[in-house]
>>> print(open('final-v7.txt').read())   # compact mmCIF, C-alpha atoms
# COMPACT_ATOMS: atom_id res chain seq x y z
CA MET B 14 -13.86 -25.09 -92.74
CA PHE B 15 -15.11 -27.97 -90.63
CA ASN B 16 -18.06 -25.86 -89.45
CA ILE B 17 -18.97 -25.15 -93.09
CA TYR B 18 -18.61 -28.84 -93.88
CA ILE B 19 -20.90 -29.97 -91.06
CA ASN B 20 -23.42 -27.15 -91.32
CA ASN B 21 -25.91 -29.04 -93.51
CA LEU B 22 -26.25 -31.69 -90.76
CA VAL B 23 -27.88 -28.99 -88.62
CA GLU B 24 -30.22 -28.16 -91.49
CA ASP B 25 -31.20 -31.82 -91.92
CA ILE B 26 -31.91 -32.26 -88.19
CA ASN B 27 -33.86 -29.01 -87.91
CA ALA B 28 -35.93 -29.98 -90.95
CA LEU B 29 -37.51 -32.73 -88.83
CA ASN B 30 -39.11 -29.98 -86.66
CA ILE B 31 -38.69 -32.00 -83.49
CA GLY B 32 -36.66 -31.45 -80.35
CA ILE B 33 -36.96 -29.69 -77.00
CA ASN B 34 -39.49 -26.86 -77.01
CA ILE B 35 -37.83 -23.74 -75.56
CA ASP B 36 -39.67 -20.45 -75.85
CA GLU B 37 -41.65 -21.72 -78.86
CA GLU B 38 -38.47 -22.81 -80.60
CA LYS B 39 -37.33 -26.38 -81.22
CA LEU B 40 -33.83 -27.10 -79.92
CA ALA B 41 -32.68 -30.40 -81.39
CA ILE B 42 -28.92 -30.25 -81.91
CA LEU B 43 -25.86 -28.69 -80.29
CA LEU B 44 -22.40 -28.69 -81.88
CA TYR B 45 -18.97 -28.04 -80.45
CA ALA B 46 -16.22 -28.88 -82.96
CA ASP B 47 -16.82 -32.56 -83.78
CA ASP B 48 -19.01 -33.21 -80.70
CA VAL B 49 -22.69 -33.53 -81.54
CA ILE B 50 -25.58 -33.59 -79.07
CA LEU B 51 -29.05 -34.62 -80.22
CA MET B 52 -31.99 -33.79 -77.95
CA ALA B 53 -35.56 -35.04 -78.11
CA GLU B 54 -38.61 -35.18 -75.88
CA ASN B 55 -39.32 -38.87 -76.56
CA GLU B 56 -37.67 -42.06 -77.80
CA GLU B 57 -39.27 -42.03 -81.26
CA ASP B 58 -38.02 -38.53 -82.09
CA LEU B 59 -34.48 -39.30 -80.92
CA GLN B 60 -34.29 -42.40 -83.12
CA LYS B 61 -35.43 -40.31 -86.10
CA MET B 62 -32.54 -37.90 -85.45
CA LEU B 63 -30.08 -40.79 -85.21
CA ASN B 64 -31.30 -42.10 -88.55
CA VAL B 65 -30.77 -38.68 -90.15
CA LEU B 66 -27.29 -38.49 -88.62
CA ASN B 67 -26.43 -41.94 -89.99
CA THR B 68 -27.62 -40.97 -93.49
CA TRP B 69 -25.61 -37.74 -93.37
CA CYS B 70 -22.48 -39.63 -92.31
CA LEU B 71 -22.86 -42.11 -95.15
CA ASN B 72 -23.29 -39.34 -97.69
CA ASN B 73 -20.24 -37.47 -96.38
CA GLU B 74 -18.04 -40.52 -95.85
CA LEU B 75 -17.80 -40.04 -92.08
CA THR B 76 -18.34 -42.49 -89.25
CA VAL B 77 -19.69 -42.17 -85.72
CA ASN B 78 -17.49 -43.35 -82.85
CA ILE B 79 -19.81 -45.89 -81.24
CA ASN B 80 -17.59 -46.30 -78.18
CA LYS B 81 -17.84 -42.61 -77.32
CA SER B 82 -21.48 -42.11 -78.33
CA LYS B 83 -23.93 -42.61 -75.47
CA ILE B 84 -27.60 -42.12 -74.66
CA MET B 85 -28.68 -40.34 -71.49
CA HIS B 86 -32.24 -40.07 -70.26
CA PHE B 87 -32.60 -36.84 -68.24
CA ARG B 88 -35.47 -37.16 -65.81
CA ASN B 89 -36.71 -36.91 -62.22
CA PRO B 90 -35.65 -39.75 -59.88
CA ALA B 91 -39.27 -40.92 -59.72
CA VAL B 92 -39.28 -41.67 -63.48
CA LEU B 93 -37.81 -44.99 -64.64
CA GLN B 94 -35.05 -45.03 -67.22
CA THR B 95 -36.18 -45.68 -70.76
CA LYS B 96 -36.17 -49.31 -71.92
CA CYS B 97 -35.85 -48.35 -75.58
CA THR B 98 -32.76 -49.51 -77.49
CA PHE B 99 -31.31 -46.79 -79.71
CA SER B 100 -29.10 -47.55 -82.68
CA ILE B 101 -27.19 -45.86 -85.45
CA GLY B 102 -26.19 -47.72 -88.58
CA GLY B 103 -27.19 -51.02 -87.00
CA ASN B 104 -25.01 -50.43 -83.92
CA ALA B 105 -26.75 -50.21 -80.52
CA LEU B 106 -25.86 -47.25 -78.30
CA GLU B 107 -25.32 -47.68 -74.57
CA CYS B 108 -27.66 -45.84 -72.19
CA VAL B 109 -25.55 -44.38 -69.35
CA LYS B 110 -26.23 -42.67 -66.04
CA SER B 111 -23.46 -40.06 -66.45
CA TYR B 112 -21.30 -38.63 -69.20
CA GLN B 113 -18.26 -36.36 -69.33
CA TYR B 114 -19.01 -33.52 -71.75
CA LEU B 115 -16.63 -30.60 -72.32
CA GLY B 116 -14.92 -31.32 -69.01
CA LEU B 117 -18.07 -31.48 -66.86
CA LEU B 118 -19.78 -34.60 -65.58
CA LEU B 119 -23.47 -34.59 -66.53
CA THR B 120 -25.78 -37.06 -64.77
CA GLU B 121 -29.22 -38.41 -65.60
CA PHE B 122 -30.80 -36.49 -62.69
CA LEU B 123 -28.60 -33.39 -63.21
CA ASP B 124 -27.10 -34.04 -59.78
CA TYR B 125 -24.52 -31.31 -59.19
CA GLN B 126 -23.17 -33.24 -56.20
CA LEU B 127 -21.59 -35.82 -58.52
CA MET B 128 -20.32 -33.06 -60.79
CA ALA B 129 -18.70 -31.32 -57.81
CA LYS B 130 -17.10 -34.60 -56.69
CA ALA B 131 -15.56 -35.05 -60.13
CA VAL B 132 -14.25 -31.47 -60.04
CA ALA B 133 -12.88 -31.99 -56.52
CA LYS B 134 -11.09 -35.16 -57.65
CA SER B 135 -9.33 -33.25 -60.44
CA ALA B 136 -8.50 -30.40 -58.06
CA SER B 137 -7.02 -32.86 -55.55
CA ARG B 138 -4.59 -34.08 -58.19
CA ALA B 139 -3.58 -30.49 -58.93
CA LEU B 140 -3.15 -29.85 -55.19
CA GLY B 141 -0.93 -32.92 -54.94
CA LEU B 142 1.34 -31.39 -57.58
CA LEU B 143 1.43 -28.10 -55.64
CA ILE B 144 2.35 -29.94 -52.43
CA VAL B 145 5.19 -31.76 -54.21
CA LYS B 146 6.49 -28.46 -55.60
CA SER B 147 6.34 -26.89 -52.16
CA LYS B 148 8.27 -29.74 -50.55
CA THR B 149 10.83 -29.72 -53.36
CA HIS B 150 11.53 -26.01 -52.88
CA GLY B 151 11.58 -26.21 -49.09
CA GLY B 152 8.21 -24.48 -48.71
CA PHE B 153 6.71 -21.19 -49.89
CA GLN B 154 5.69 -17.97 -48.18
CA HIS B 155 2.01 -17.43 -47.55
CA LYS B 156 1.40 -15.04 -50.44
CA PHE B 157 3.24 -17.28 -52.92
CA PHE B 158 1.49 -20.42 -51.73
CA SER B 159 -1.87 -18.62 -51.95
CA LYS B 160 -1.09 -17.42 -55.47
CA LEU B 161 -0.02 -20.88 -56.60
CA TYR B 162 -3.17 -22.38 -55.08
CA ASP B 163 -5.35 -19.93 -57.01
CA THR B 164 -3.41 -20.60 -60.21
CA MET B 165 -2.98 -24.36 -60.06
CA VAL B 166 -5.89 -25.62 -57.97
CA TRP B 167 -8.70 -23.10 -57.88
CA SER B 168 -8.52 -22.65 -61.66
CA VAL B 169 -9.48 -26.35 -61.92
CA ILE B 170 -12.35 -25.92 -59.47
CA SER B 171 -13.67 -22.74 -61.05
CA TYR B 172 -14.17 -24.40 -64.45
CA GLY B 173 -17.92 -24.76 -64.74
CA ALA B 174 -18.50 -23.20 -61.31
CA GLY B 175 -20.84 -20.71 -62.95
CA ILE B 176 -23.24 -23.65 -63.39
CA TRP B 177 -22.82 -25.85 -60.31
CA GLY B 178 -21.56 -23.17 -57.89
CA THR B 179 -24.96 -22.17 -56.51
CA ARG B 180 -24.58 -24.73 -53.73
CA ASP B 181 -22.06 -25.44 -51.00
CA PHE B 182 -20.25 -28.77 -51.45
CA SER B 183 -18.23 -30.44 -48.70
CA CYS B 184 -15.95 -32.12 -51.27
CA ILE B 185 -14.92 -28.72 -52.69
CA ASN B 186 -14.36 -27.32 -49.20
CA ALA B 187 -12.26 -30.39 -48.36
CA VAL B 188 -9.77 -29.56 -51.13
CA GLN B 189 -9.17 -26.06 -49.75
CA ASN B 190 -9.02 -27.35 -46.16
CA ARG B 191 -6.37 -29.85 -47.20
CA ALA B 192 -4.28 -27.09 -48.81
CA MET B 193 -4.51 -24.91 -45.68
CA ARG B 194 -3.64 -27.81 -43.38
CA PHE B 195 -0.56 -28.60 -45.43
CA PHE B 196 0.69 -25.03 -45.34
CA MET B 197 0.10 -24.72 -41.60
CA GLY B 198 1.58 -28.15 -40.90
CA VAL B 199 -1.37 -29.47 -38.92
CA GLY B 200 -3.23 -32.78 -39.01
CA LYS B 201 -6.64 -33.72 -40.34
CA TYR B 202 -8.24 -33.50 -36.89
CA THR B 203 -7.54 -29.77 -36.61
CA PRO B 204 -10.86 -27.85 -36.54
CA ASN B 205 -11.72 -26.33 -39.92
CA ASP B 206 -12.75 -23.03 -38.33
CA ALA B 207 -9.28 -22.64 -36.82
CA ILE B 208 -7.30 -23.26 -39.99
CA ALA B 209 -9.63 -21.07 -42.05
CA GLY B 210 -9.54 -18.28 -39.48
CA ASP B 211 -5.74 -18.21 -39.37
CA MET B 212 -5.18 -18.56 -43.13
CA GLY B 213 -7.77 -15.90 -43.98
CA TRP B 214 -8.54 -17.31 -47.42
CA LYS B 215 -11.86 -16.63 -49.08
CA PRO B 216 -14.03 -19.72 -48.67
CA PRO B 217 -15.11 -21.61 -51.82
CA CYS B 218 -18.72 -20.42 -51.45
CA VAL B 219 -17.63 -16.81 -52.06
CA THR B 220 -15.64 -17.50 -55.21
CA GLN B 221 -18.31 -19.90 -56.47
CA TRP B 222 -20.96 -17.19 -56.23
CA SER B 223 -18.65 -14.78 -57.99
CA SER B 224 -18.45 -17.21 -60.93
CA VAL B 225 -22.22 -17.68 -60.91
CA LEU B 226 -22.93 -13.95 -60.95
CA ARG B 227 -20.43 -13.35 -63.75
CA HIS B 228 -22.21 -16.03 -65.77
CA TRP B 229 -25.56 -14.38 -65.03
CA ALA B 230 -24.12 -11.04 -66.20
CA ARG B 231 -22.79 -12.58 -69.44
CA CYS B 232 -26.14 -14.19 -70.21
CA SER B 233 -27.95 -10.89 -69.54
CA ILE B 234 -26.09 -8.98 -72.26
CA MET B 235 -26.06 -11.67 -74.96
CA ASP B 236 -27.53 -11.09 -78.40
CA PRO B 237 -31.29 -11.81 -78.09
CA HIS B 238 -31.08 -14.10 -81.14
CA ARG B 239 -28.57 -16.46 -79.53
CA ILE B 240 -29.96 -19.74 -78.25
CA ASN B 241 -28.04 -19.22 -74.97
CA PHE B 242 -29.98 -16.04 -74.30
CA LYS B 243 -33.30 -17.67 -75.16
CA ILE B 244 -32.60 -20.54 -72.77
CA PHE B 245 -31.60 -18.01 -70.10
CA LYS B 246 -34.90 -16.13 -70.40
CA TRP B 247 -36.87 -19.37 -70.59
CA SER B 248 -35.28 -20.68 -67.37
CA ILE B 249 -36.17 -17.46 -65.53
CA ARG B 250 -39.75 -17.60 -66.69
CA LYS B 251 -40.06 -21.27 -65.71
CA CYS B 252 -38.48 -21.07 -62.26
CA ASN B 253 -40.64 -21.11 -59.13
CA THR B 254 -40.83 -22.91 -55.78
CA ARG B 255 -41.62 -26.15 -57.62
CA ILE B 256 -38.98 -25.75 -60.34
CA LYS B 257 -35.86 -24.73 -58.43
CA ASN B 258 -33.50 -24.47 -61.36
CA TRP B 259 -30.26 -22.50 -61.69
CA SER B 260 -32.07 -19.19 -62.26
CA PHE B 261 -34.26 -19.75 -59.20
CA ARG B 262 -31.22 -20.21 -56.94
CA VAL B 263 -29.50 -17.11 -58.33
CA ILE B 264 -32.62 -14.98 -57.85
CA GLU B 265 -33.06 -16.27 -54.29
CA MET B 266 -29.46 -15.35 -53.54
CA LEU B 267 -29.88 -11.83 -54.94
CA LYS B 268 -32.99 -11.37 -52.81
CA LEU B 269 -31.21 -12.70 -49.72
CA TYR B 270 -28.55 -9.98 -49.98
CA ASN B 271 -31.06 -7.25 -50.92
CA TYR B 272 -30.18 -6.98 -54.60
CA GLU B 273 -33.68 -7.63 -55.94
CA GLN B 274 -33.25 -4.93 -58.59
CA TYR B 275 -30.89 -7.22 -60.51
CA CYS B 276 -33.38 -10.09 -60.63
CA ASN B 277 -34.92 -8.35 -63.64
CA PHE B 278 -31.89 -8.10 -65.92
CA GLU B 279 -33.88 -6.19 -68.55
CA LEU B 280 -34.07 -3.23 -66.16
CA ASN B 281 -30.78 -3.59 -64.27
CA VAL B 282 -27.76 -5.47 -65.59
CA LEU B 283 -25.10 -6.71 -63.18
CA ASN B 284 -21.72 -5.04 -63.75
CA LYS B 285 -18.26 -5.71 -62.31
CA ASN B 286 -18.70 -3.27 -59.43
CA CYS B 287 -22.03 -4.83 -58.41
CA ILE B 288 -20.59 -8.35 -58.53
CA LYS B 289 -17.64 -7.25 -56.43
CA GLN B 290 -19.94 -5.69 -53.85
CA ILE B 291 -22.12 -8.80 -53.65
CA GLU B 292 -19.01 -10.93 -53.29
CA GLU B 293 -17.90 -8.77 -50.37
CA ASP B 294 -21.34 -9.09 -48.78
CA VAL B 295 -21.23 -12.89 -49.08
CA PHE B 296 -17.74 -12.88 -47.56
CA ASP B 297 -18.85 -10.60 -44.70
CA ASN B 298 -21.76 -12.94 -44.00
CA PHE B 299 -19.36 -15.89 -43.89
CA LYS B 300 -17.08 -14.01 -41.49
CA SER B 301 -20.02 -13.19 -39.23
CA ASN B 302 -21.12 -16.83 -39.12
CA TRP B 303 -17.53 -17.89 -38.48
CA CYS B 304 -17.22 -15.52 -35.51
CA THR B 305 -20.49 -16.84 -34.09
CA ARG B 306 -19.33 -20.45 -34.37
CA VAL B 307 -15.94 -19.77 -32.77
CA ALA B 308 -17.47 -17.85 -29.87
CA ALA B 309 -19.94 -20.67 -29.26
CA TYR B 310 -17.33 -23.42 -28.82
CA ALA B 311 -17.62 -25.17 -25.48
CA GLU B 312 -14.89 -25.26 -22.85
CA LYS B 313 -14.26 -28.93 -23.54
CA SER B 314 -13.72 -28.44 -27.29
CA LYS B 315 -10.36 -28.10 -29.02
CA LEU B 316 -10.96 -24.39 -29.61
CA ARG B 317 -11.53 -23.59 -25.93
CA THR B 318 -8.37 -21.41 -25.89
CA TYR B 319 -8.52 -20.28 -29.52
CA LYS B 320 -11.77 -18.41 -28.97
CA LEU B 321 -10.16 -16.33 -26.19
CA PHE B 322 -7.74 -14.53 -28.53
CA LYS B 323 -9.17 -14.98 -32.03
CA ASN B 324 -12.28 -12.98 -32.93
CA ASN B 325 -11.64 -11.77 -36.47
CA TYR B 326 -11.28 -13.70 -39.74
CA SER B 327 -7.93 -12.63 -41.20
CA THR B 328 -4.48 -13.96 -42.08
CA GLU B 329 -2.31 -14.20 -38.98
CA ASN B 330 1.16 -12.64 -38.87
CA TYR B 331 2.95 -15.86 -37.96
CA LEU B 332 1.80 -17.40 -41.26
CA GLN B 333 3.12 -14.42 -43.24
CA THR B 334 6.47 -14.50 -41.41
CA ILE B 335 9.29 -16.57 -42.87
CA LEU B 336 9.40 -19.61 -40.60
CA SER B 337 10.48 -23.19 -41.06
CA LEU B 338 7.60 -25.61 -41.55
CA LYS B 339 8.47 -27.20 -38.19
CA ASN B 340 8.19 -23.91 -36.28
CA ARG B 341 5.08 -22.87 -38.18
CA SER B 342 3.51 -26.25 -37.47
CA SER B 343 4.26 -26.05 -33.74
CA PHE B 344 2.83 -22.55 -33.52
CA ALA B 345 -0.30 -23.50 -35.47
CA LYS B 346 -0.93 -26.66 -33.43
CA PHE B 347 -0.64 -24.70 -30.19
CA ARG B 348 -3.09 -22.03 -31.39
CA CYS B 349 -5.58 -24.50 -32.85
CA GLY B 350 -5.75 -26.73 -29.79
CA VAL B 351 -4.13 -29.81 -31.32
CA ALA B 352 -0.67 -29.61 -29.71
CA PRO B 353 0.40 -32.84 -27.96
CA LEU B 354 -0.63 -31.64 -24.51
CA LYS B 355 -2.33 -33.84 -21.94
CA ILE B 356 -5.55 -31.88 -22.32
CA GLU B 357 -5.74 -33.34 -25.85
CA THR B 358 -3.88 -36.64 -25.68
CA GLY B 359 -5.93 -37.55 -22.64
CA ARG B 360 -8.98 -37.84 -24.89
CA TYR B 361 -7.54 -40.96 -26.50
CA GLU B 362 -6.66 -42.41 -23.10
CA ARG B 363 -10.30 -41.91 -22.10
CA LYS B 364 -9.33 -39.79 -19.11
CA GLU B 365 -11.55 -37.19 -17.53
CA VAL B 366 -10.40 -33.59 -17.93
CA HIS B 367 -9.20 -33.31 -14.32
CA GLU B 368 -7.05 -36.43 -14.86
CA ARG B 369 -5.08 -34.98 -17.78
CA THR B 370 -2.37 -33.52 -15.58
CA CYS B 371 1.08 -32.14 -16.41
CA PHE B 372 3.94 -34.66 -16.03
CA ASN B 373 5.89 -31.98 -14.17
CA CYS B 374 3.01 -30.60 -12.07
CA SER B 375 1.06 -33.75 -11.29
CA SER B 376 -1.91 -31.96 -9.78
CA ILE B 377 -2.53 -29.38 -12.54
CA VAL B 378 -4.20 -30.01 -15.89
CA GLU B 379 -1.73 -29.53 -18.76
CA ASP B 380 -3.42 -27.09 -21.12
CA GLU B 381 -2.15 -24.16 -23.21
CA LEU B 382 -2.39 -21.58 -20.43
CA HIS B 383 -0.51 -23.83 -18.00
CA VAL B 384 2.36 -24.43 -20.43
CA ILE B 385 2.65 -20.78 -21.50
CA LEU B 386 2.29 -19.03 -18.14
CA LYS B 387 2.40 -21.35 -15.14
CA CYS B 388 4.52 -24.47 -15.51
CA PRO B 389 7.87 -24.01 -13.62
CA LEU B 390 9.61 -26.24 -16.15
CA TYR B 391 9.37 -23.54 -18.82
CA GLN B 392 9.80 -20.41 -16.67
CA MET B 393 13.23 -19.45 -18.00
CA LYS B 394 12.17 -19.90 -21.60
CA ILE B 395 8.97 -17.97 -20.95
CA CYS B 396 10.91 -15.07 -19.44
CA ASP B 397 13.32 -14.99 -22.37
CA TYR B 398 10.42 -15.02 -24.76
CA PHE B 399 8.61 -12.11 -23.09
CA VAL B 400 11.86 -10.10 -22.98
CA LYS B 401 12.27 -10.53 -26.72
CA MET B 402 8.64 -9.58 -27.27
CA ALA B 403 9.01 -6.45 -25.16
CA GLU B 404 12.23 -5.45 -26.92
CA ARG B 405 10.59 -5.85 -30.29
CA GLN B 406 7.74 -3.61 -29.19
CA GLY B 407 10.21 -1.03 -27.83
CA VAL B 408 8.93 -1.40 -24.27
CA LEU B 409 12.25 -2.57 -22.75
CA SER B 410 15.87 -1.92 -23.53
CA VAL B 411 18.42 -4.69 -23.64
CA GLU B 412 19.67 -3.77 -20.17
CA ASN B 413 16.25 -4.11 -18.49
CA ASN B 414 15.65 -7.05 -16.17
CA VAL B 415 12.47 -9.05 -15.82
CA GLU B 416 11.50 -10.38 -12.42
>>> encode(input="final-v7.txt", output="C-alpha cells")
Amino acid sequence: MFNIYINNLVEDINALNIGINIDEEKLAILLYADDVILMAENEEDLQKMLNVLNTWCLNNELTVNINKSKIMHFRNPAVLQTKCTFSIGGNALECVKSYQYLGLLLTEFLDYQLMAKAVAKSASRALGLLIVKSKTHGGFQHKFFSKLYDTMVWSVISYGAGIWGTRDFSCINAVQNRAMRFFMGVGKYTPNDAIAGDMGWKPPCVTQWSSVLRHWARCSIMDPHRINFKIFKWSIRKCNTRIKNWSFRVIEMLKLYNYEQYCNFELNVLNKNCIKQIEEDVFDNFKSNWCTRVAAYAEKSKLRTYKLFKNNYSTENYLQTILSLKNRSSFAKFRCGVAPLKIETGRYERKEVHERTCFNCSSIVEDELHVILKCPLYQMKICDYFVKMAERQGVLSVENNVE
C-alpha cells in the first residue's frame, strides 16, 4: 500500500526528464521502502528534483527527515567537491563524504577499501561474540567452530561482497586470521601462512569471488526491462582499460582462469556448476601460491622447520582431534615456530643464532629439532611418546622395548 501511495512521486520526478543517462534512459530516482535516492548529473538538476520532492511531501502531508538526508558528490579524486548548497523546504542539506545505505558504506570516490573496513568492523564484533561463546562452552571442535564462523561471522562479511569482493582486502583477511589464531591458541606474531595452512579454511578471496560470480549470474538472467539489467549491460559496454569498473574486474578474472566464454553472457550464462568449478580453480591457485611461499621461507624465519613437514594446504589432524585449548595451543606453537624456545626468544634479546643455546645443553642451539630428538633432558618423554605412536600405528606391541 505504501508503494502505491508513493508511486506518483516517481512519476513527478521522471516527468522532469533529467537524471543519469544510462543506455539512452534517464535514471533519476531509486526507491527502497521509505528510502529515496535522487540522482542528477549537475547541481541545477538535483535542486529541481528536491523542489519536486518538497512539493509532493506538502501535498501528501509527509515530511523529509533532514537529519538523515544527505548530499553526496560522486566524482574522481581530481575533481573538487561541489560548493553548491542544496535545500529542501528551506532546510539546507549537508554534503558528506560517505553514507551508509542499505547496510553498505558508500563513499564519494566509490572507494571499496572504506566499505571493506566498515564490513570488517561489523564482522569483528560478530567474531567477538563467537569467541565469548566458545570460551563459555569450554571450546568447540574444529568442524563446529568452522560452522559457527561461517554462520555468525562470514554471513556479515558476505553481505554486499558481490559488489566489493573483486579485490583482496587486508582488513577482511585480518578477521579470518584472528578467528584461526583464537582457535589454535597462538599469538598475533604467528605467521599467517602457518595458521591458514593448518586450519585449511578457504581464504576470503575465494568466497568473495563466489559471491561476485553469483551476482554476475543473477544479473545475466534478469528481465531485460529491469533497470538492474540495463545498468549491467551498460557497465559492460563502458568498461575498458581506462574505466576499470566492476564488470571490467569480473571479465579480467574470467579471462585469467580461461573462462572467456562467459564474458559474453548473451551466449553463455554462468550456472551453479560453472561457478563451483571457477571457485575451485581460484582455491587451487591460492594453494599453489601458498606452497610456493612456504617453500621459499629462509632458514632464519619462523617457518624454517614448518616447511620441512608441511607441503599441502589442508586441515591438520591435531586440530580435528578433541584436545584442550592448552594442548592444542602448545602443539600449534611448536609447529608454527612460535614456541618459547631460545631460537625464537633470542630474537628479542638481540642474540645471534649461534648464541641462542639450550639451557641444558649450553653449546647447542635450542630449536624444534633439538628439543624433539636430541636434548637429553627430554629423552624419556621422547621415548614414551614414540612408543605410543608406534602402538597406535600397530608397529609395536605393548611388550616391545625401545632402545
>>> residues_around(input="final-v7.txt", residues="B:Val378", least_positions_apart="4", cutoff="8 Å", atoms="only C-alpha atoms", output="list in words")
Lys355, Ile356, Val366, His367, Glu368, Arg369, Thr370, Cys371 and His383 of chain B
>>> atom_distance(input="final-v7.txt", atom1="atom CA of B:Arg231", atom2="atom CA of B:Gln189")
27.5 Å
>>> closest_residue(input="final-v7.txt", among="B:Ser301, B:His150, B:Asp47, B:Asn340", to="B:Asn16", atoms="all atoms listed in the file")
B:Asp47
>>> atom_distance(input="final-v7.txt", atom1="atom CA of B:Leu106", atom2="atom CA of B:Ser135")
28.1 Å
>>> atom_distance(input="final-v7.txt", atom1="atom CA of B:Asp294", atom2="atom CA of B:Leu280")
22.3 Å
>>> residues_around(input="final-v7.txt", residues="B:Lys315", least_positions_apart="3", cutoff="10 Å", atoms="only C-alpha atoms", output="PyMOL selection string")
chain B and resi 202-204+207+310-312+318-320+348-352+356-357
>>> residues_near_point(input="final-v7.txt", point="(-24.5, -18.4, -55.2)", cutoff="12 Å", atoms="all atoms listed in the file", output="NGL selection string")
:B and (174-182 or 217-229 or 259-270 or 288 or 291-292 or 294-296)
>>> closest_residue(input="final-v7.txt", among="B:Thr358, B:Leu66, B:Ser343, B:Glu404", to="B:Val199", atoms="only C-alpha atoms")
B:Ser343
>>> decode(input="final-v7.txt", residues="stretch 298-344 of chain B", atoms="C-alpha atoms", output="compact mmCIF listing (two decimals), in the first residue's frame")
# COMPACT_ATOMS: atom_id res chain seq x y z
CA ASN B 298 45.64 -21.16 -7.38
CA PHE B 299 45.72 -19.91 -3.79
CA LYS B 300 47.02 -23.28 -2.59
CA SER B 301 49.75 -23.25 -5.23
CA ASN B 302 50.87 -19.76 -4.22
CA TRP B 303 50.76 -20.79 -0.56
CA CYS B 304 53.01 -23.80 -1.22
CA THR B 305 55.46 -21.59 -3.10
CA ARG B 306 55.63 -19.08 -0.24
CA VAL B 307 56.13 -21.75 2.43
CA ALA B 308 58.87 -23.48 0.46
CA ALA B 309 60.66 -20.17 -0.04
CA TYR B 310 60.95 -19.29 3.66
CA ALA B 311 64.53 -18.73 4.73
CA GLU B 312 66.33 -20.76 7.38
CA LYS B 313 66.26 -17.82 9.77
CA SER B 314 62.48 -17.34 9.52
CA LYS B 315 59.91 -18.69 11.96
CA LEU B 316 58.76 -21.28 9.43
CA ARG B 317 62.22 -22.80 8.95
CA THR B 318 61.00 -26.11 10.46
CA TYR B 319 57.38 -25.85 9.31
CA LYS B 320 58.37 -26.02 5.66
CA LEU B 321 60.16 -29.35 6.23
CA PHE B 322 56.96 -31.27 7.04
CA LYS B 323 54.12 -29.15 5.67
CA ASN B 324 53.66 -29.04 1.90
CA ASN B 325 49.90 -29.26 1.38
CA TYR B 326 47.12 -26.84 2.32
CA SER B 327 44.66 -28.87 4.41
CA THR B 328 43.20 -29.15 7.90
CA GLU B 329 45.62 -30.93 10.21
CA ASN B 330 44.51 -33.91 12.32
CA TYR B 331 45.56 -32.38 15.63
CA LEU B 332 43.05 -29.56 15.10
CA GLN B 333 40.24 -32.04 14.39
CA THR B 334 41.12 -34.13 17.47
CA ILE B 335 39.43 -33.32 20.76
CA LEU B 336 42.16 -31.56 22.73
CA SER B 337 42.16 -28.98 25.48
CA LEU B 338 42.94 -25.47 24.28
CA LYS B 339 46.21 -25.60 26.25
CA ASN B 340 47.41 -28.75 24.49
CA ARG B 341 46.22 -27.56 21.10
CA SER B 342 47.97 -24.24 21.66
CA SER B 343 51.26 -25.90 22.62
CA PHE B 344 51.13 -28.17 19.58
